[in-house]
Each structure stands twice: as C-alpha cells, then as structure tokens.
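The next block holds one structure in the form of structure tokens; read it before the comments.
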Amino acid sequence: MNSTLNLAVILWIISLPGVAAQYLSELERLPEAINTSHYDEIRPVLRPDGKQLFFTREAYPLFETTLVEAGENLAQTLDREAYLHKLGEIYSSLSGQPVDTPVGSSYNQDIWVAEHRDGRFERVSHPGYPLNNAFPNSLCAFNGSDQTAIVINQFPASGGILPGFSQIPQHSDRSWGPPTAIAIEGFSSERPDVNLTMSEDGEVLLLSQQGRDAYGRSNDLYVCFRLGDQGWSQPRHLGPAINSVYHETAPFLSADKKVLFFASNRRGGAGGSDLYFVQRLDDTWTRWTAPRRFRAGRDSGGGGGRP
C-alpha cells in the first residue's frame, strides 16, 4: 500500500444546552498492536459497553481463508495456487478491474478486535469464521438491543457474496453465529463502499450509499426506520442540509438521536475527509443545523450542504 491509515480514539462529552452543542475531546493514537506500520486499519467500532474495539485490517497476510461457494469451502478443496487464482477472480469481479495479487488487495479485509483493560486497548485478536471469511469483511455497528454485530455484505449459507448488510449474533461463550441478511426496502447502491450506523435503541439506521437520488457520483447519507422484526424502511435521503456532491460517509448518531456526526471531503475542509456534526431540528430527518467541522479541542462553523 502507498499510504497507511492509523486509528485514533476521539473521546467526547456531548451536552446540548439549548440549540448549541459543546464538545470536549482528546485525540490519542492507538498502540502499535493495533496500528501496523505497513497496512491500513480502518472503520473502528467500539462495543457499546466499551470493553472491545473492532476494526478492519486491509491486505494483511494473515486472513481468514474460508471461501464458500456452492456449499463447498474452496480453501480445503483447492491447492494454494488455484485458491489464490479463484480469490483473485472474485476480487476482480467486485472491483471491476484485474486483481493479480489478492492477498495484497484492499479487498482482502478482515475484522480484528482489541480488548480494553487498565485504560488501554491491547490484546489484539483475529476472530475466525463465520465473523470473517475470504470475502471483504467489516463490522459497522452493533444492535443496541441485543449486541448483535452488523457487518457489510451478505453471505448466503450456500456461499458467495451479495451487496447489503448482515447481522451476526455473538453467543455467551463469545463464539459467533452464522450471518443472516438484513432486509432494507429498495436498497440499491451504485458504489460498493457502503456503510452504516445504528441508533443506541436499535430503531434507526443511518446509511452511507450512492442512491439513485444522490447529489453527485459519490455517497450521500440516508435514514431507515425499523419495521417490526421484518426489516427496515426504504432509505430516506437526508437532504441538502447534510448531503453534497462530495462524499458523505462514516455516520455516527448520538444516544439521544439528536446529533449526527459524519465525514465528508467537501470544500472548506482541511484536506481529505473531515469530521462534521449537525443537530436534528424535527422528526422529518431532513431539517438540520448547518454542518460544523469538528476539530480537536474545539469546533468550527461553516461547511454547508449541497453547493
């Protein structure tokens, strides 16, 4: 990889005196056991109890090799050369361009976890199948009601991979159950780099995708609402107060569902993707305060929605 992304922990205290939102933050680089020197660590997700940090490691030589197709684990039936050739074909299909070295590809993504103890994240471990497999794996949220993990992509029992999201239960002995697909009405993204977050009460999803009504050729943010136990409502575009022709991603919703954090590479930032926050003004989920750019130790105004 030409560049390395490092994880950091941002600790903030959120209070809402009236309309204003005040943030107290401290930025701390996580230890070398988490941040490798040659590989990308992305998409950190903290378990709600704060005891574990899940993150995705890309292109790492140690990965879960289970590759199920038509009910058969190809990691057990193919020799190493044939297996890697097959994996390269799959990654090429997902990326739309040739992938000759699948192990070193950014599509080689596995979930890792660090334990929190004595004020530090340490004891990094690598969960096996079924939380991880040879397809791209990334954990994006926890269901606040039962601590079920929500991961990117769908993995049918017979094998293969489909676009969307799955939920994976964790048992009392910390083993993981098989993934089941999450049903979102009308879900369709024009880009593979979708992600989401779930509200603490498990009733709202905030989704980053390039929907058909997105403002540009990049991801916008959408909201979905739980429909009983059957699934989720069709994604509703959050509107021009938040979304722009640039890339909006990595949503995170405060516990009271009134403050939304997200990343965007819109104009007016410090370069690359910056963190922004908005406050919800009513129950339509389309009226928000103007996005404010978050900076360590303080926040700043500016950075509006659709230009």
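By convention in this document, the chains of the structure tokens carry letters A, B, ... by their order, each chain's residues are numbered from 1, and ligands are numbered from 1 in the order they are shown.
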Report as a PDB file with N, CA and C atoms, in the first residue's frame all protein, DNA and RNA residues lying within 9 Å of A:Cys140, evaluated on only C-alpha atoms, omitting residues in the same chain fewer than 2 positions from it.
```
ATOM      1  N   ARG A  43     -12.209   1.804   9.882  1.00  0.00           N
ATOM      2  CA  ARG A  43     -13.561   1.531  10.381  1.00  0.00           C
ATOM      3  C   ARG A  43     -13.587   1.030  11.831  1.00  0.00           C
ATOM      4  N   PRO A  44     -13.113   1.824  12.775  1.00  0.00           N
ATOM      5  CA  PRO A  44     -13.188   1.411  14.182  1.00  0.00           C
ATOM      6  C   PRO A  44     -14.615   1.466  14.709  1.00  0.00           C
ATOM      7  N   VAL A  45     -15.014   0.446  15.448  1.00  0.00           N
ATOM      8  CA  VAL A  45     -16.338   0.393  16.069  1.00  0.00           C
ATOM      9  C   VAL A  45     -16.161  -0.086  17.502  1.00  0.00           C
ATOM     10  N   PHE A  54     -13.513  -3.012  17.734  1.00  0.00           N
ATOM     11  CA  PHE A  54     -13.436  -3.772  16.493  1.00  0.00           C
ATOM     12  C   PHE A  54     -12.934  -2.852  15.386  1.00  0.00           C
ATOM     13  N   PHE A  55     -12.106  -3.378  14.507  1.00  0.00           N
ATOM     14  CA  PHE A  55     -11.607  -2.580  13.385  1.00  0.00           C
ATOM     15  C   PHE A  55     -11.294  -3.510  12.227  1.00  0.00           C
ATOM     16  N   SER A 138     -16.151  -6.350   7.244  1.00  0.00           N
ATOM     17  CA  SER A 138     -16.012  -5.145   8.039  1.00  0.00           C
ATOM     18  C   SER A 138     -17.228  -5.002   8.941  1.00  0.00           C
ATOM     19  N   PHE A 142     -23.260  -2.132  16.142  1.00  0.00           N
ATOM     20  CA  PHE A 142     -23.870  -3.139  16.994  1.00  0.00           C
ATOM     21  C   PHE A 142     -25.336  -2.793  17.185  1.00  0.00           C
ATOM     22  N   ALA A 149     -23.793  -8.045  16.059  1.00  0.00           N
ATOM     23  CA  ALA A 149     -22.920  -7.270  15.184  1.00  0.00           C
ATOM     24  C   ALA A 149     -23.564  -7.108  13.811  1.00  0.00           C
ATOM     25  N   ILE A 150     -23.432  -5.928  13.228  1.00  0.00           N
ATOM     26  CA  ILE A 150     -23.888  -5.666  11.873  1.00  0.00           C
ATOM     27  C   ILE A 150     -22.658  -5.499  11.001  1.00  0.00           C
ATOM     28  N   VAL A 151     -22.573  -6.288   9.928  1.00  0.00           N
ATOM     29  CA  VAL A 151     -21.406  -6.286   9.059  1.00  0.00           C
ATOM     30  C   VAL A 151     -21.823  -5.943   7.640  1.00  0.00           C
ATOM     31  N   ILE A 152     -20.858  -5.495   6.871  1.00  0.00           N
ATOM     32  CA  ILE A 152     -21.084  -5.167   5.467  1.00  0.00           C
ATOM     33  C   ILE A 152     -21.107  -6.453   4.637  1.00  0.00           C
ATOM     34  N   ASN A 195     -21.687   1.916   4.062  1.00  0.00           N
ATOM     35  CA  ASN A 195     -21.513   1.686   5.493  1.00  0.00           C
ATOM     36  C   ASN A 195     -22.699   2.300   6.225  1.00  0.00           C
ATOM     37  N   LEU A 196     -22.838   1.927   7.492  1.00  0.00           N
ATOM     38  CA  LEU A 196     -23.976   2.436   8.261  1.00  0.00           C
ATOM     39  C   LEU A 196     -23.657   2.470   9.739  1.00  0.00           C
ATOM     40  N   THR A 197     -24.556   3.096  10.486  1.00  0.00           N
ATOM     41  CA  THR A 197     -24.535   3.027  11.939  1.00  0.00           C
ATOM     42  C   THR A 197     -25.970   2.844  12.416  1.00  0.00           C
ATOM     43  N   MET A 198     -26.123   2.315  13.631  1.00  0.00           N
ATOM     44  CA  MET A 198     -27.442   2.096  14.208  1.00  0.00           C
ATOM     45  C   MET A 198     -27.579   2.923  15.469  1.00  0.00           C
ATOM     46  N   ALA A 250     -19.292   7.442   6.965  1.00  0.00           N
ATOM     47  CA  ALA A 250     -18.978   7.203   8.380  1.00  0.00           C
ATOM     48  C   ALA A 250     -19.946   7.892   9.334  1.00  0.00           C
TER      49      ALA A 250
END
```
Just asking: which residues within stretch 122-306 of chain A are strand (DSSP E or B) according to DSSP, as a PyMOL selection string? chain A and resi 122-125+139-142+149-154+162-168+170+176+180-181+184+195-198+204-209+220-227+231-232+236-237+248-253+259-264+274-280+288+292-295+298-300
Can you tell me which residues surround stretch 61-64 of chain A at a distance of at most 10 Å, considering only C-alpha atoms, apart from same-chain residues fewer than 5 positions away, and format the answer as a compact mmCIF listing (two decimals) with N, CA and C atoms, in the first residue's frame?
```txt
# COMPACT_ATOMS: atom_id res chain seq x y z
N TYR A 39 0.22 -1.60 6.91
CA TYR A 39 -1.12 -1.97 6.47
C TYR A 39 -2.13 -0.95 6.97
N ALA A 75 -11.07 -23.30 0.23
CA ALA A 75 -9.79 -23.29 0.92
C ALA A 75 -9.34 -24.70 1.28
N VAL A 103 -4.03 -11.29 -2.01
CA VAL A 103 -3.66 -11.11 -0.60
C VAL A 103 -3.29 -9.66 -0.33
N GLY A 104 -2.63 -9.01 -1.26
CA GLY A 104 -2.23 -7.62 -1.09
C GLY A 104 -3.27 -6.62 -1.54
N ASN A 108 -9.00 -7.58 0.42
CA ASN A 108 -8.68 -8.53 1.49
C ASN A 108 -8.87 -7.78 2.80
N GLN A 109 -10.04 -7.91 3.39
CA GLN A 109 -10.40 -7.18 4.60
C GLN A 109 -10.90 -8.17 5.66
N ASP A 110 -10.31 -8.10 6.84
CA ASP A 110 -10.76 -8.92 7.96
C ASP A 110 -11.02 -8.04 9.17
N ILE A 111 -11.91 -8.52 10.04
CA ILE A 111 -12.24 -7.84 11.29
C ILE A 111 -11.28 -8.31 12.38
N HIS A 126 -7.78 -12.03 16.32
CA HIS A 126 -8.31 -12.13 14.96
C HIS A 126 -9.40 -13.19 14.93
N PRO A 127 -10.68 -12.80 15.04
CA PRO A 127 -11.77 -13.79 15.01
C PRO A 127 -11.78 -14.56 13.70
N GLY A 128 -12.15 -15.83 13.79
CA GLY A 128 -12.22 -16.66 12.59
C GLY A 128 -13.59 -16.68 11.97
N TYR A 129 -13.87 -17.72 11.23
CA TYR A 129 -15.15 -17.92 10.59
C TYR A 129 -16.21 -18.23 11.66
N PRO A 130 -17.45 -17.69 11.62
CA PRO A 130 -18.07 -17.01 10.48
C PRO A 130 -18.03 -15.48 10.53
N LEU A 131 -17.42 -14.88 11.57
CA LEU A 131 -17.34 -13.41 11.57
C LEU A 131 -16.48 -12.94 10.41
N ASN A 132 -15.42 -13.70 10.12
CA ASN A 132 -14.55 -13.41 8.97
C ASN A 132 -14.62 -14.54 7.97
N ASN A 133 -14.38 -14.20 6.71
CA ASN A 133 -14.20 -15.18 5.65
C ASN A 133 -13.27 -14.55 4.62
N ALA A 134 -13.09 -15.19 3.48
CA ALA A 134 -12.16 -14.67 2.49
C ALA A 134 -12.72 -13.51 1.68
N PHE A 135 -14.01 -13.27 1.79
CA PHE A 135 -14.61 -12.10 1.15
C PHE A 135 -14.29 -10.86 1.98
N ASN A 137 -14.61 -8.23 4.68
CA ASN A 137 -15.33 -8.23 5.96
C ASN A 137 -15.09 -6.92 6.69
```
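From atom CA of A:Gly50 back to atom CA of A:Gly202, the distance works out to 17.3 Å.
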Show which residues sit within 9 Å of A:Gly269, as number ranges by chain. Count only C-alpha atoms, and ignore same-chain residues fewer than 5 positions away. A: 264, 274-275, 293, 303
Same residues, C-alpha atoms, output as a compact mmCIF listing (two decimals), in the first residue's frame:
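File produced: part_8.txt:
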```txt
# COMPACT_ATOMS: atom_id res chain seq x y z
CA SER A 264 -17.02 14.46 4.16
CA ASP A 274 -13.02 15.98 7.75
CA LEU A 275 -15.43 15.27 10.59
CA ARG A 293 -16.43 21.00 11.12
CA GLY A 303 -19.15 23.70 5.61
```
Do you know which residues are at most 8 Å from stretch 160-164 of chain A counting only C-alpha atoms, after dropping those on the same chain fewer than 5 positions away, and could you put them as a list in words? Leu67, Val68, Glu69, Ala70, Phe135, Ile152, Asn153, Gln154, Phe155, Ala181, Ile182, Phe187 and Pro192 of chain A
Residues just named, written with N, CA and C atoms as a PDB file, in the first residue's frame:
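File produced: selection23.pdb:
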```pdb
ATOM      1  N   LEU A  67     -13.625 -19.841   2.086  1.00  0.00           N
ATOM      2  CA  LEU A  67     -14.212 -19.315   0.855  1.00  0.00           C
ATOM      3  C   LEU A  67     -15.264 -20.315   0.379  1.00  0.00           C
ATOM      4  N   VAL A  68     -16.514 -20.059   0.744  1.00  0.00           N
ATOM      5  CA  VAL A  68     -17.594 -20.997   0.457  1.00  0.00           C
ATOM      6  C   VAL A  68     -18.290 -20.603  -0.838  1.00  0.00           C
ATOM      7  N   GLU A  69     -18.353 -21.552  -1.750  1.00  0.00           N
ATOM      8  CA  GLU A  69     -19.116 -21.390  -2.987  1.00  0.00           C
ATOM      9  C   GLU A  69     -19.849 -22.699  -3.268  1.00  0.00           C
ATOM     10  N   ALA A  70     -21.141 -22.603  -3.535  1.00  0.00           N
ATOM     11  CA  ALA A  70     -21.979 -23.781  -3.798  1.00  0.00           C
ATOM     12  C   ALA A  70     -21.841 -24.809  -2.679  1.00  0.00           C
ATOM     13  N   PHE A 135     -14.013 -13.265   1.793  1.00  0.00           N
ATOM     14  CA  PHE A 135     -14.606 -12.100   1.146  1.00  0.00           C
ATOM     15  C   PHE A 135     -14.293 -10.856   1.985  1.00  0.00           C
ATOM     16  N   ILE A 152     -20.858  -5.495   6.871  1.00  0.00           N
ATOM     17  CA  ILE A 152     -21.084  -5.167   5.467  1.00  0.00           C
ATOM     18  C   ILE A 152     -21.107  -6.453   4.637  1.00  0.00           C
ATOM     19  N   ASN A 153     -21.994  -6.484   3.656  1.00  0.00           N
ATOM     20  CA  ASN A 153     -22.189  -7.584   2.711  1.00  0.00           C
ATOM     21  C   ASN A 153     -23.116  -8.654   3.288  1.00  0.00           C
ATOM     22  N   GLN A 154     -23.654  -9.445   2.385  1.00  0.00           N
ATOM     23  CA  GLN A 154     -24.493 -10.577   2.750  1.00  0.00           C
ATOM     24  C   GLN A 154     -23.812 -11.867   2.296  1.00  0.00           C
ATOM     25  N   PHE A 155     -23.923 -12.894   3.108  1.00  0.00           N
ATOM     26  CA  PHE A 155     -23.223 -14.144   2.855  1.00  0.00           C
ATOM     27  C   PHE A 155     -24.218 -15.307   2.933  1.00  0.00           C
ATOM     28  N   ALA A 181     -29.096 -12.143   6.516  1.00  0.00           N
ATOM     29  CA  ALA A 181     -29.218 -10.904   5.743  1.00  0.00           C
ATOM     30  C   ALA A 181     -30.164  -9.930   6.428  1.00  0.00           C
ATOM     31  N   ILE A 182     -29.838  -8.638   6.360  1.00  0.00           N
ATOM     32  CA  ILE A 182     -30.699  -7.564   6.828  1.00  0.00           C
ATOM     33  C   ILE A 182     -31.515  -7.055   5.645  1.00  0.00           C
ATOM     34  N   PHE A 187     -33.194  -1.280  -1.150  1.00  0.00           N
ATOM     35  CA  PHE A 187     -31.766  -0.982  -1.060  1.00  0.00           C
ATOM     36  C   PHE A 187     -31.083  -1.244  -2.390  1.00  0.00           C
ATOM     37  N   PRO A 192     -19.676   0.209  -4.158  1.00  0.00           N
ATOM     38  CA  PRO A 192     -19.517  -0.886  -3.192  1.00  0.00           C
ATOM     39  C   PRO A 192     -19.172  -0.427  -1.781  1.00  0.00           C
TER      40      PRO A 192
END
```
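Residues within 10 Å of A:Val124, counting only C-alpha atoms and excluding same-chain residues fewer than 3 positions away, are A:Ala33, A:Ile34, A:Gln52, A:Leu53, A:Phe54, A:Trp112, A:Val113, A:Ala114, A:Glu115, A:His116, A:Phe121, A:Pro127.
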For the residues selected in the previous step, produce a file with C-alpha atoms as a short mmCIF file (atom, residue, chain, number, x, y, z; two decimals), in the first residue's frame.
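For reference, again.cif as written:
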```cif
data_model
loop_
_atom_site.label_atom_id
_atom_site.label_comp_id
_atom_site.auth_asym_id
_atom_site.auth_seq_id
_atom_site.Cartn_x
_atom_site.Cartn_y
_atom_site.Cartn_z
CA ALA A 33 -0.54 -3.71 18.33
CA ILE A 34 -3.48 -2.09 16.55
CA GLN A 52 -13.81 -4.11 22.93
CA LEU A 53 -12.72 -2.16 19.86
CA PHE A 54 -13.44 -3.77 16.49
CA TRP A 112 -9.88 -7.64 14.27
CA VAL A 113 -10.66 -6.86 17.90
CA ALA A 114 -8.74 -5.24 20.77
CA GLU A 115 -9.61 -5.66 24.45
CA HIS A 116 -9.86 -2.67 26.79
CA PHE A 121 -6.75 -1.13 24.19
CA PRO A 127 -11.77 -13.79 15.01
#
```
According to DSSP computed on the backbone, where in stretch 54-207 of chain A is there helix (DSSP H, G or I)? Give the residues as an MDAnalysis selection string. chainID A and resid 74:77 80:95 102:104
What separation in Å, quoted to one decimal, exists between atom CA of A:Tyr222 and atom CA of A:Leu260?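 Between these atoms lies a distance of 11.7 Å.
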Closest of A:Ser95, A:Ser189, A:Ser199, A:Gln76 to A:Lys257 - atom-to-atom distances counting only C-alpha atoms: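 Among the listed residues, A:Ser199 lies closest to A:Lys257.
Rounded to one decimal, atom CA of A:Asp193 and atom CA of A:Gly271 lie 20.2 Å from each other.
Restricting the calculation to only C-alpha atoms, the smallest distance between A:Pro48 and any of A:Asp256, A:Glu248, A:Glu72, A:Asp146 is found for A:Asp146.
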Distance query A:Glu89 at most 12 Å, only C-alpha atoms, self and fewer than 2 positions along chain excluded, as a ChimeraX atom specification: /A:82-87,91-102,105,107,135
Which residue out of A:Trp285, A:Tyr60, A:Tyr215, A:Trp176 has the minimum interatomic distance to A:Val245 when only C-alpha atoms are used? A:Tyr215
